[in-house]
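Quick look at entry_19.tsv (TSV, C-alpha atoms):
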chain	number	residue	atom	x	y	z
A	1	MET	CA	-23.60	21.69	9.58
A	2	LYS	CA	-21.34	22.75	6.75
A	3	TYR	CA	-19.24	19.63	6.21
A	4	LEU	CA	-21.72	16.95	7.27
A	5	GLU	CA	-22.55	15.63	3.80
A	6	GLU	CA	-18.95	15.70	2.59
A	7	VAL	CA	-17.70	13.89	5.70
A	8	LYS	CA	-20.51	11.36	5.36
A	9	THR	CA	-19.52	10.64	1.76
A	10	LEU	CA	-15.86	10.31	2.73
A	11	LEU	CA	-16.67	8.00	5.64
A	12	THR	CA	-18.89	5.88	3.39
A	13	ASP	CA	-16.11	5.60	0.79
A	14	VAL	CA	-13.33	4.81	3.25
A	15	LEU	CA	-15.31	2.24	5.23
A	16	ASN	CA	-17.09	0.83	2.15
A	17	LEU	CA	-20.45	1.28	3.89
A	18	GLY	CA	-22.40	1.28	0.64
A	19	PRO	CA	-26.10	2.22	0.85
A	20	ALA	CA	-26.01	1.93	4.66
A	21	GLY	CA	-23.83	5.06	4.72
A	22	ALA	CA	-26.72	7.17	3.43
A	23	SER	CA	-28.75	6.61	6.58
A	24	LEU	CA	-26.09	8.10	8.86
A	25	THR	CA	-27.05	11.34	10.60
A	26	ALA	CA	-25.13	13.85	12.71
A	27	ASP	CA	-26.14	11.88	15.81
A	28	SER	CA	-24.98	8.49	14.50
A	29	PRO	CA	-22.32	7.10	16.83
A	30	LEU	CA	-19.07	6.07	15.11
A	31	LEU	CA	-16.36	4.88	17.47
A	32	GLY	CA	-17.30	1.61	19.08
A	33	SER	CA	-20.55	1.41	17.09
A	34	LEU	CA	-19.41	0.96	13.50
A	35	PRO	CA	-17.64	-2.42	13.27
A	36	GLU	CA	-15.94	-1.22	10.06
A	37	LEU	CA	-14.14	1.50	12.03
A	38	ASP	CA	-11.10	-0.52	13.19
A	39	SER	CA	-7.68	0.99	13.88
A	40	MET	CA	-6.60	0.78	10.24
A	41	ALA	CA	-9.81	2.49	9.18
A	42	VAL	CA	-9.24	5.31	11.69
A	43	VAL	CA	-5.77	5.93	10.24
A	44	THR	CA	-7.02	5.66	6.64
A	45	LEU	CA	-9.84	8.08	7.47
A	46	ILE	CA	-7.39	10.59	8.93
A	47	GLY	CA	-5.30	10.37	5.76
A	48	ALA	CA	-8.40	10.91	3.62
A	49	LEU	CA	-9.55	13.92	5.69
A	50	ASP	CA	-6.08	15.40	5.36
A	51	GLU	CA	-6.09	14.86	1.59
A	52	GLN	CA	-9.61	16.05	0.85
A	53	PHE	CA	-9.86	19.05	3.17
A	54	GLY	CA	-6.18	19.96	3.39
A	55	ILE	CA	-6.23	19.93	7.18
A	56	ALA	CA	-3.28	18.86	9.29
A	57	ILE	CA	-4.32	16.39	11.96
A	58	ASP	CA	-2.32	16.09	15.20
A	59	ASP	CA	-1.86	13.00	17.33
A	60	ASP	CA	-4.04	14.65	19.97
A	61	ASP	CA	-6.93	14.80	17.52
A	62	ILE	CA	-7.05	10.99	17.47
A	63	SER	CA	-9.44	11.13	20.39
A	64	ALA	CA	-12.81	9.77	21.43
A	65	SER	CA	-14.36	13.24	21.23
A	66	THR	CA	-13.35	13.68	17.55
A	67	PHE	CA	-14.66	10.30	16.43
A	68	ALA	CA	-17.71	10.03	18.74
A	69	THR	CA	-20.38	10.77	16.13
A	70	LEU	CA	-20.62	11.82	12.50
A	71	GLY	CA	-21.56	15.27	13.78
A	72	SER	CA	-18.49	15.56	16.03
A	73	LEU	CA	-16.24	14.55	13.14
A	74	ALA	CA	-17.86	17.09	10.81
A	75	ALA	CA	-17.54	19.78	13.51
A	76	PHE	CA	-13.84	18.92	13.84
A	77	VAL	CA	-13.34	19.32	10.07
A	78	GLU	CA	-15.23	22.62	10.12
A	79	GLU	CA	-13.05	23.92	12.94
A	80	ARG	CA	-9.80	22.94	11.22
A	81	ALA	CA	-10.78	23.93	7.70
A	82	ALA	CA	-11.80	27.41	8.84
B	83	MET	CA	-16.33	-29.45	-8.66
B	84	SER	CA	-15.23	-27.40	-11.66
B	85	ALA	CA	-11.64	-26.76	-12.69
B	86	PRO	CA	-10.38	-23.22	-12.15
B	87	GLY	CA	-10.35	-21.08	-15.29
B	88	HIS	CA	-6.66	-20.32	-14.94
B	89	ALA	CA	-3.40	-22.22	-14.62
B	90	PRO	CA	-2.36	-22.92	-11.03
B	91	ALA	CA	0.65	-21.05	-9.68
B	92	ASP	CA	3.80	-22.95	-8.70
B	93	ALA	CA	4.55	-22.55	-5.00
B	94	PHE	CA	8.19	-22.92	-3.94
B	95	PHE	CA	10.81	-21.65	-1.53
B	96	LEU	CA	13.59	-19.54	-3.02
B	97	ASP	CA	16.91	-20.15	-1.28
B	98	THR	CA	18.71	-16.94	-0.43
B	99	ALA	CA	21.75	-16.22	1.74
B	100	ASP	CA	19.29	-14.73	4.27
B	101	GLY	CA	16.97	-17.76	4.35
B	102	GLN	CA	14.10	-19.25	2.40
B	103	ARG	CA	11.55	-16.99	0.76
B	104	PHE	CA	8.10	-18.23	-0.17
B	105	CYS	CA	7.19	-17.57	-3.81
B	106	LEU	CA	4.21	-18.16	-6.10
B	107	TYR	CA	5.10	-18.29	-9.77
B	108	HIS	CA	2.49	-17.56	-12.41
B	109	ALA	CA	4.08	-18.67	-15.69
B	110	ALA	CA	3.16	-16.75	-18.82
B	111	VAL	CA	0.47	-18.38	-20.93
B	112	GLY	CA	1.78	-18.80	-24.47
B	113	ASP	CA	4.78	-16.73	-25.53
B	114	CYS	CA	6.43	-14.96	-22.63
B	115	ARG	CA	6.72	-11.27	-23.50
B	116	GLY	CA	7.57	-9.87	-20.11
B	117	ALA	CA	8.20	-10.62	-16.45
B	118	LEU	CA	7.30	-8.91	-13.16
B	119	VAL	CA	8.17	-9.46	-9.51
B	120	TYR	CA	5.37	-8.44	-7.13
B	121	VAL	CA	6.38	-6.63	-3.95
B	122	HIS	CA	3.62	-6.74	-1.34
B	123	PRO	CA	2.63	-3.92	1.00
B	124	PHE	CA	3.44	-3.61	4.71
B	125	ALA	CA	2.05	-5.53	7.68
B	126	GLU	CA	-1.72	-6.05	7.64
B	127	GLU	CA	-2.05	-4.38	4.24
B	128	MET	CA	-0.25	-7.42	2.80
B	129	ASN	CA	-2.92	-9.81	4.04
B	130	ARG	CA	-5.75	-7.59	2.93
B	131	SER	CA	-4.43	-7.34	-0.62
B	132	ARG	CA	-3.57	-11.01	-1.27
B	133	ARG	CA	-6.65	-11.60	-3.38
B	134	MET	CA	-6.08	-8.57	-5.60
B	135	ALA	CA	-2.45	-9.61	-6.09
B	136	ALA	CA	-3.55	-13.10	-7.13
B	137	LEU	CA	-6.23	-11.77	-9.50
B	138	GLN	CA	-3.81	-9.36	-11.19
B	139	ALA	CA	-1.07	-12.01	-11.44
B	140	ARG	CA	-3.46	-14.36	-13.24
B	141	ALA	CA	-4.65	-11.61	-15.57
B	142	LEU	CA	-1.07	-10.70	-16.50
B	143	ALA	CA	0.01	-14.32	-16.93
B	144	ALA	CA	-2.92	-14.80	-19.32
B	145	GLN	CA	-1.58	-11.99	-21.50
B	146	GLY	CA	1.94	-13.41	-21.59
B	147	ILE	CA	3.60	-11.76	-18.62
B	148	ALA	CA	5.23	-14.09	-16.09
B	149	VAL	CA	4.67	-12.97	-12.49
B	150	LEU	CA	6.54	-13.97	-9.34
B	151	LEU	CA	4.72	-13.19	-6.09
B	152	LEU	CA	7.31	-12.94	-3.33
B	153	ASP	CA	6.88	-13.01	0.45
B	154	LEU	CA	9.58	-10.78	1.93
B	155	HIS	CA	11.81	-11.67	4.91
B	156	GLY	CA	9.65	-12.32	7.97
B	157	CYS	CA	6.39	-11.88	6.03
B	158	GLY	CA	3.75	-14.37	4.95
B	159	ASP	CA	5.24	-17.86	4.64
B	160	SER	CA	8.88	-16.78	4.29
B	161	ALA	CA	11.53	-17.63	6.87
B	162	GLY	CA	12.58	-15.25	9.62
B	163	ASP	CA	10.73	-13.06	12.08
B	164	PHE	CA	9.12	-9.78	11.07
B	165	GLY	CA	11.03	-8.18	13.95
B	166	ASP	CA	14.36	-9.20	12.36
B	167	ALA	CA	13.57	-7.88	8.88
B	168	SER	CA	15.13	-4.67	7.64
B	169	TRP	CA	14.72	-2.39	4.64
B	170	ASP	CA	17.99	-3.70	3.23
B	171	SER	CA	17.09	-7.36	3.74
B	172	TRP	CA	13.90	-6.68	1.81
B	173	LEU	CA	15.84	-5.02	-1.00
B	174	ARG	CA	18.14	-8.08	-1.13
B	175	ASP	CA	15.07	-10.34	-1.37
B	176	ILE	CA	13.78	-8.32	-4.30
B	177	ALA	CA	17.13	-8.52	-6.12
B	178	GLN	CA	17.25	-12.30	-5.60
B	179	ALA	CA	13.69	-12.78	-6.78
B	180	ARG	CA	14.39	-10.66	-9.84
B	181	ALA	CA	17.50	-12.72	-10.63
B	182	TRP	CA	15.50	-15.96	-10.37
B	183	LEU	CA	12.74	-14.65	-12.62
B	184	GLU	CA	15.22	-13.32	-15.19
B	185	GLN	CA	17.00	-16.65	-15.33
B	186	ARG	CA	13.70	-18.47	-15.66
B	187	THR	CA	12.26	-16.27	-18.42
B	188	GLY	CA	15.42	-15.00	-20.12
B	189	ARG	CA	14.09	-11.43	-19.85
B	190	THR	CA	14.90	-8.36	-17.81
B	191	ALA	CA	12.18	-8.32	-15.19
B	192	GLY	CA	10.15	-5.35	-14.04
B	193	LEU	CA	8.76	-4.77	-10.57
B	194	TRP	CA	5.16	-4.34	-9.51
B	195	GLY	CA	4.59	-2.97	-6.03
B	196	LEU	CA	1.65	-1.97	-3.87
B	197	ARG	CA	1.83	0.85	-1.27
B	198	LEU	CA	5.08	0.41	0.70
B	199	GLY	CA	5.99	-2.39	-1.71
B	200	ALA	CA	5.90	0.22	-4.49
B	201	LEU	CA	8.35	2.39	-2.54
B	202	LEU	CA	10.61	-0.66	-2.14
B	203	ALA	CA	10.38	-1.24	-5.90
B	204	VAL	CA	11.33	2.39	-6.53
B	205	CYS	CA	14.29	2.11	-4.13
B	206	HIS	CA	15.44	-1.02	-5.95
B	207	ALA	CA	15.19	0.84	-9.27
B	208	GLN	CA	17.16	3.77	-7.82
B	209	ARG	CA	20.04	1.50	-6.76
B	210	ALA	CA	20.14	-1.58	-9.00
B	211	PRO	CA	23.14	-1.79	-11.35
B	212	VAL	CA	20.78	-2.88	-14.13
B	213	PRO	CA	17.46	-1.04	-13.83
B	214	PRO	CA	14.29	-3.15	-13.90
B	215	ALA	CA	12.50	-3.31	-17.25
B	216	ARG	CA	9.64	-1.27	-15.86
B	217	LEU	CA	7.75	-0.32	-12.72
B	218	LEU	CA	4.06	-0.92	-12.16
B	219	LEU	CA	3.19	1.10	-9.07
B	220	TRP	CA	-0.11	0.67	-7.25
B	221	GLN	CA	-0.98	3.51	-4.89
B	222	PRO	CA	2.70	4.05	-4.13
B	223	VAL	CA	3.86	5.36	-0.78
B	224	THR	CA	6.23	8.12	-1.83
B	225	ILE	CA	7.69	9.36	1.46
B	226	GLY	CA	8.64	6.69	3.99
B	227	SER	CA	8.60	9.01	7.00
B	228	GLY	CA	4.95	9.91	6.40
B	229	TYR	CA	4.04	6.25	6.08
B	230	LEU	CA	5.91	5.39	9.29
B	231	ASN	CA	3.91	8.09	11.06
B	232	GLN	CA	0.68	6.51	9.84
B	233	PHE	CA	1.82	3.13	11.07
B	234	LEU	CA	2.73	4.56	14.49
B	235	ARG	CA	-0.72	6.15	14.56
B	236	LEU	CA	-2.23	2.68	14.24
B	237	ARG	CA	-1.09	2.19	17.80
B	238	LEU	CA	-2.78	5.41	18.90
B	239	ALA	CA	-5.94	4.41	17.05
B	240	GLY	CA	-5.82	0.94	18.62
B	241	GLU	CA	-5.55	2.48	22.07
B	242	LEU	CA	-8.42	4.81	21.28
B	243	LEU	CA	-10.62	1.85	20.31
B	244	ALA	CA	-9.56	0.03	23.47
B	245	GLY	CA	-10.74	3.03	25.47
B	246	GLY	CA	-7.48	4.53	26.70
B	247	SER	CA	-4.24	6.05	25.48
B	248	ASP	CA	-0.85	5.62	27.08
B	249	SER	CA	1.81	5.79	24.36
B	250	GLY	CA	1.94	9.59	24.34
B	251	GLY	CA	1.86	10.29	20.61
B	252	THR	CA	4.03	9.51	17.61
B	253	ASP	CA	6.90	11.70	18.87
B	254	ALA	CA	7.23	9.53	21.97
B	255	LEU	CA	7.08	6.36	19.83
B	256	ARG	CA	9.79	7.73	17.55
B	257	GLU	CA	11.93	8.52	20.60
B	258	ALA	CA	11.52	4.94	21.83
B	259	LEU	CA	12.65	3.62	18.42
B	260	LYS	CA	15.60	5.98	18.42
B	261	ALA	CA	16.58	4.65	21.84
B	262	GLY	CA	16.73	1.16	20.32
B	263	GLU	CA	13.40	-0.14	21.55
B	264	ALA	CA	11.25	-2.38	19.31
B	265	LEU	CA	7.55	-1.47	19.26
B	266	GLU	CA	4.56	-3.77	19.13
B	267	ILE	CA	2.05	-2.25	16.71
B	268	ALA	CA	-1.12	-3.92	15.47
B	269	GLY	CA	0.44	-7.31	16.18
B	270	TYR	CA	3.74	-6.57	14.40
B	271	ALA	CA	7.12	-6.12	16.08
B	272	LEU	CA	8.61	-2.99	14.52
B	273	SER	CA	12.38	-2.98	14.99
B	274	PRO	CA	14.39	0.26	15.12
B	275	ALA	CA	16.34	-0.93	12.03
B	276	LEU	CA	13.24	-1.46	9.92
B	277	ALA	CA	11.63	1.77	11.12
B	278	GLY	CA	14.85	3.63	10.27
B	279	GLY	CA	14.88	2.17	6.76
B	280	ILE	CA	11.27	3.12	6.11
B	281	ASP	CA	11.82	6.57	7.59
B	282	GLY	CA	14.67	7.30	5.20
B	283	ALA	CA	13.09	6.02	1.99
B	284	ASP	CA	12.04	8.77	-0.42
B	285	ALA	CA	10.70	8.26	-3.93
B	286	ARG	CA	11.55	11.85	-4.86
B	287	ALA	CA	15.27	11.34	-4.29
B	288	LEU	CA	15.97	9.91	-7.73
B	289	ALA	CA	13.71	9.23	-10.69
B	290	PRO	CA	13.74	5.53	-11.64
B	291	ARG	CA	15.57	4.92	-14.93
B	292	CYS	CA	12.81	2.87	-16.53
B	293	PRO	CA	9.26	3.34	-17.83
B	294	ILE	CA	6.74	3.75	-15.02
B	295	ASP	CA	3.03	3.01	-14.87
B	296	TRP	CA	1.57	4.77	-11.83
B	297	CYS	CA	-1.90	3.51	-10.87
B	298	GLU	CA	-3.88	5.41	-8.28
B	299	VAL	CA	-7.17	4.22	-6.80
B	300	VAL	CA	-9.64	7.11	-6.42
B	301	ALA	CA	-13.04	7.16	-4.73
B	302	ALA	CA	-14.98	8.35	-7.80
B	303	PRO	CA	-14.21	8.39	-11.55
B	304	GLU	CA	-13.85	12.17	-11.89
B	305	ARG	CA	-11.38	12.59	-9.02
B	306	PRO	CA	-7.89	13.79	-9.97
B	307	LEU	CA	-4.53	12.38	-8.92
B	308	PRO	CA	-4.00	13.56	-5.31
B	309	PRO	CA	-1.63	16.58	-5.13
B	310	ALA	CA	1.13	14.74	-3.23
B	311	ALA	CA	1.30	12.04	-5.91
B	312	ALA	CA	1.14	14.61	-8.72
B	313	ARG	CA	4.17	16.40	-7.26
B	314	VAL	CA	6.28	13.22	-7.37
B	315	VAL	CA	5.15	12.44	-10.93
B	316	ASP	CA	6.11	15.98	-12.00
B	317	THR	CA	9.51	15.67	-10.29
B	318	TRP	CA	10.25	12.40	-12.06
B	319	ARG	CA	9.15	13.74	-15.42
B	320	LEU	CA	11.44	16.74	-14.98
B	321	GLN	CA	14.26	14.27	-14.37
B	322	GLY	CA	13.46	12.59	-17.68
B	323	SER	CA	11.42	9.56	-16.62
B	324	ARG	CA	8.49	8.38	-18.67
B	325	VAL	CA	5.53	8.16	-16.27
B	326	ASN	CA	2.06	7.08	-17.34
B	327	VAL	CA	-0.64	7.83	-14.78
B	328	HIS	CA	-3.75	5.65	-14.59
B	329	LEU	CA	-6.69	6.48	-12.33
B	330	ALA	CA	-8.96	3.64	-11.23
B	331	ALA	CA	-12.18	4.31	-9.33
B	332	GLY	CA	-12.73	1.81	-6.56
B	333	PRO	CA	-12.25	0.90	-2.92
B	334	GLN	CA	-9.00	1.06	-0.96
B	335	PHE	CA	-8.87	-2.73	-0.78
B	336	TRP	CA	-5.53	-2.87	1.07
B	337	ALA	CA	-7.15	-1.16	4.07
B	338	ALA	CA	-10.58	-2.82	3.95
B	339	PRO	CA	-11.38	-5.36	6.68
B	340	GLU	CA	-13.61	-7.28	4.26
B	341	THR	CA	-11.99	-8.84	1.21
B	342	ILE	CA	-12.97	-6.55	-1.59
B	343	ASP	CA	-12.01	-6.28	-5.27
B	344	CYS	CA	-11.10	-3.30	-7.38
B	345	PRO	CA	-11.71	-4.51	-10.96
B	346	ASN	CA	-10.97	-1.09	-12.47
B	347	LEU	CA	-7.41	-1.28	-11.15
B	348	ILE	CA	-6.84	-4.69	-12.70
B	349	ALA	CA	-8.30	-3.53	-16.01
B	350	ALA	CA	-6.14	-0.38	-16.02
B	351	SER	CA	-2.96	-2.31	-15.17
B	352	SER	CA	-3.57	-5.03	-17.72
B	353	ALA	CA	-4.30	-2.43	-20.40
B	354	ALA	CA	-1.18	-0.44	-19.51
B	355	LEU	CA	1.03	-3.51	-19.91
B	356	MET	CA	-0.80	-4.68	-23.01
B	357	ASN	CA	0.13	-1.40	-24.69
B	358	HIS	CA	3.83	-1.96	-24.30
B	359	ALA	CA	5.19	-4.11	-27.10
B	360	ASP	CA	7.77	-5.55	-24.75
B	361	ALA	CA	6.38	-5.67	-21.24
Can the structure in the file be given as structure tokens, please?
Amino acid sequence: MKYLEEVKTLLTDVLNLGPAGASLTADSPLLGSLPELDSMAVVTLIGALDEQFGIAIDDDDISASTFATLGSLAAFVEERAA
Amino acid sequence: MSAPGHAPADAFFLDTADGQRFCLYHAAVGDCRGALVYVHPFAEEMNRSRRMAALQARALAAQGIAVLLLDLHGCGDSAGDFGDASWDSWLRDIAQARAWLEQRTGRTAGLWGLRLGALLAVCHAQRAPVPPARLLLWQPVTIGSGYLNQFLRLRLAGELLAGGSDSGGTDALREALKAGEALEIAGYALSPALAGGIDGADARALAPRCPIDWCEVVAAPERPLPPAAARVVDTWRLQGSRVNVHLAAGPQFWAAPETIDCPNLIAASSAALMNHADA
């Protein structure tokens, strides 16, 4: 998956996951599983994705399917950055 | 028990026509060579950045710069409800705090602001009859409407985490505000008046007429200033403002649920103000 590593790095930075971030895989669940991912973190993450990949993110994208796993988030970035 | 390695701050309430405002005053150690009023960020970001504000205030006081940490109308320990605060009442608070600090130190004070507090500081500098001595901007919000959108999205994100969405997007929330309805977002009552003030604030409108130190926190040392910030810096420079940009690698502490420090930002800010003969 093209953006997996970049999204993982971004997520690790934004949530301050430290070394624990390195063990995340495409299948790692995010929403509801990472305690660091609170509502402020979701909004900060959206801002960071926008800034780093230059993708516009709509309200509708703030959905459970986008933030389900690291893989689903990377797939979302790939779709929008295309 | 050991004594703290810094002088304690004086806590007091500043009387204003709008009510009492809680303040923490860090007097300059030794000769006072400058003065700054700190303007905190918005809502939960204020709480999350308290420690960094205290650390920076102590560092500046130690190098001879008096710092007044102000809680705005309806925030922190100041009087009033958050839901009754407005952009203009906040700007009045800043003017009053500046007047107090200038009387106390005998110097023209500068403003130091974080995130939305930096945009407030810029708006003060755009309007004040006597410009502040300088601006120290930390990760400034430059366009209020974009920031308001992010805040409205907190509600969408909160609903997402709670497992369901019913507010119908930021457009619907903006419509509700326009219709005069206050919104409850992340535990804060956002009034139409305050939302309108934030929405209309724009750092690009007028370059502040004072020296500016712009500090941006970046994820890694080699990262550049983000394009949106660079555009505002360029605009201000074209209008004749002196803007020094400082990049500090570190965490976005104002958004982090755990209290976390960004020592590079403190070092960069202290160095920037040390370089000015008259801070």
For the contact check between chain A and range 125-146 of chain B, emit one row per residue of chain A within 12 Å, containing the shortest atom pair and the distance in Å rounded to one decimal, counting all atoms listed in the file, chain then rising number order, as a tab-separated table.
residue	atom	partner	partner_atom	distance
A:Ser39	CA	B:Glu126	CA	11.1
A:Met40	CA	B:Glu126	CA	8.8
A:Ala41	CA	B:Glu127	CA	11.5
A:Thr44	CA	B:Glu127	CA	11.5
Residues of chain B within 10 Å of chain A: nearest atom pair and distance (Å, one decimal) for each, counting all atoms listed in the file, sorted by chain and number, as CSV?
residue,atom,partner,partner_atom,distance
B:Glu126,CA,A:Met40,CA,8.8
B:Glu127,CA,A:Met40,CA,9.1
B:Asn231,CA,A:Asp59,CA,9.8
B:Gln232,CA,A:Val43,CA,6.5
B:Phe233,CA,A:Val43,CA,8.1
B:Leu234,CA,A:Val43,CA,9.6
B:Arg235,CA,A:Val43,CA,6.6
B:Leu236,CA,A:Ser39,CA,5.7
B:Arg237,CA,A:Ser39,CA,7.8
B:Leu238,CA,A:Ile62,CA,7.2
B:Ala239,CA,A:Ser39,CA,5.0
B:Gly240,CA,A:Ser39,CA,5.1
B:Glu241,CA,A:Ser39,CA,8.6
B:Leu242,CA,A:Ser63,CA,6.5
B:Leu243,CA,A:Gly32,CA,6.8
B:Ala244,CA,A:Gly32,CA,9.0
B:Gly245,CA,A:Ala64,CA,8.1
B:Gly246,CA,A:Ala64,CA,9.1
B:Ser247,CA,A:Ser63,CA,8.9
B:Gly250,CA,A:Asp59,CA,8.7
B:Gly251,CA,A:Asp59,CA,5.7
B:Thr252,CA,A:Asp59,CA,6.9
B:Asp253,CA,A:Asp59,CA,9.0
B:Ala268,CA,A:Ser39,CA,8.3
B:Val300,CA,A:Asp13,CA,9.8
B:Ala301,CA,A:Asp13,CA,6.5
B:Ala302,CA,A:Asp13,CA,9.1
B:Pro308,CA,A:Glu51,CA,7.3
B:Pro309,CA,A:Glu51,CA,8.2
B:Ala310,CA,A:Glu51,CA,8.7
B:Gly332,CA,A:Asp13,CA,8.9
B:Pro333,CA,A:Asn16,CA,7.0
B:Gln334,CA,A:Val14,CA,7.1
B:Phe335,CA,A:Asn16,CA,9.4
B:Trp336,CA,A:Met40,CA,9.9
B:Ala337,CA,A:Met40,CA,6.5
B:Ala338,CA,A:Leu15,CA,7.0
B:Pro339,CA,A:Glu36,CA,7.0
B:Glu340,CA,A:Glu36,CA,8.7
B:Ile342,CA,A:Asn16,CA,9.2
Edge lengths and centre in Å to one decimal, as JSON, is what I'm after for the box along x, y and z that holds all listed atoms of range 334-340 of chain B once 5 Å is added on each side.
{"center_x": -9.6, "center_y": -3.1, "center_z": 2.9, "size_x": 18.1, "size_y": 18.3, "size_z": 17.6}
Please return, as a PyMOL selection string, all polymer residues that have at least one atom within 8 Å of the point (7.2, 6.8, -15.2); use all atoms listed in the file and the file's own coordinate frame. chain B and resi 217+290+292-296+315+318-319+323-327
Determine, counting only C-alpha atoms, which protein, DNA and RNA residues have an atom within 12 Å of an atom of Leu183 in chain B; residues of the same chain fewer than 2 positions away are not included. Present the result as JSON, numbers by chain. {"B": [96, 105, 106, 107, 108, 109, 110, 114, 116, 117, 118, 119, 120, 147, 148, 149, 150, 151, 152, 176, 177, 178, 179, 180, 181, 185, 186, 187, 188, 189, 190, 191, 192, 193, 214]}
Residue nearest Asp281 in chain B among B:Ala331, B:Ala311, B:Leu230, B:Ala93 (counting all atoms listed in the file): B:Leu230
Around (18.6, -0.8, 0.7) in the file's frame, which residues reach within 8 Å when counting all atoms listed in the file? Return as a PyMOL selection string? chain B and resi 169-174+205-206+209+279
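Comparing B:Gly278, B:Pro306, B:Gly162, B:Gly322 by their smallest distance to Ala264 in chain B, the closest is B:Gly278 (using all atoms listed in the file).
Using all atoms listed in the file, the nearest neighbour of Leu4 in chain A within the list A:Leu17, A:Ser65, A:Ala74, A:Gly54 is A:Ala74.
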Which value, in Å to one decimal, gives the distance between CA of Ala287 in chain B and CA of Met356 in chain B? 29.4 Å
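We find CA of Ala275 in chain B and CA of Leu154 in chain B to be spaced 15.6 Å apart.
Using all atoms listed in the file, the smallest distance between any of A:Ala48, A:Thr25, A:Pro19, A:Thr66 and Glu5 in chain A comes from A:Thr25.
Checking B:Glu263, B:Asp100, B:Asp153, B:Asp92 one by one against His122 in chain B, counting only C-alpha atoms, you find the shortest gap at B:Asp153.
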Could I get range 293-307 of chain B rebuilt with N, CA and C atoms, written as a CSV table (one decimal), in the coordinates of the input?
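result28.csv, freshly written:
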chain,number,residue,atom,x,y,z
B,293,PRO,N,10.6,2.9,-17.7
B,293,PRO,CA,9.3,3.3,-17.8
B,293,PRO,C,8.4,3.0,-16.6
B,294,ILE,N,7.5,3.9,-16.2
B,294,ILE,CA,6.7,3.8,-15.0
B,294,ILE,C,5.2,3.9,-15.3
B,295,ASP,N,4.5,2.9,-14.9
B,295,ASP,CA,3.0,3.0,-14.9
B,295,ASP,C,2.6,3.2,-13.4
B,296,TRP,N,2.0,4.4,-13.2
B,296,TRP,CA,1.6,4.8,-11.8
B,296,TRP,C,0.1,4.7,-11.8
B,297,CYS,N,-0.5,3.7,-11.0
B,297,CYS,CA,-1.9,3.5,-10.9
B,297,CYS,C,-2.4,4.0,-9.5
B,298,GLU,N,-3.4,4.9,-9.5
B,298,GLU,CA,-3.9,5.4,-8.3
B,298,GLU,C,-5.4,5.1,-8.2
B,299,VAL,N,-5.8,4.5,-7.0
B,299,VAL,CA,-7.2,4.2,-6.8
B,299,VAL,C,-7.8,5.5,-6.2
B,300,VAL,N,-8.9,5.9,-6.9
B,300,VAL,CA,-9.6,7.1,-6.4
B,300,VAL,C,-11.1,6.7,-6.1
B,301,ALA,N,-11.7,7.5,-5.2
B,301,ALA,CA,-13.0,7.2,-4.7
B,301,ALA,C,-14.1,7.3,-5.8
B,302,ALA,N,-14.0,8.2,-6.7
B,302,ALA,CA,-15.0,8.4,-7.8
B,302,ALA,C,-14.3,8.7,-9.1
B,303,PRO,N,-14.9,8.3,-10.3
B,303,PRO,CA,-14.2,8.4,-11.6
B,303,PRO,C,-13.6,9.8,-11.9
B,304,GLU,N,-14.3,10.8,-11.4
B,304,GLU,CA,-13.8,12.2,-11.9
B,304,GLU,C,-12.8,12.8,-11.0
B,305,ARG,N,-12.4,12.0,-9.9
B,305,ARG,CA,-11.4,12.6,-9.0
B,305,ARG,C,-10.0,12.6,-9.7
B,306,PRO,N,-9.2,13.7,-9.4
B,306,PRO,CA,-7.9,13.8,-10.0
B,306,PRO,C,-6.9,13.0,-9.1
B,307,LEU,N,-5.6,12.9,-9.7
B,307,LEU,CA,-4.5,12.4,-8.9
B,307,LEU,C,-4.3,13.3,-7.7
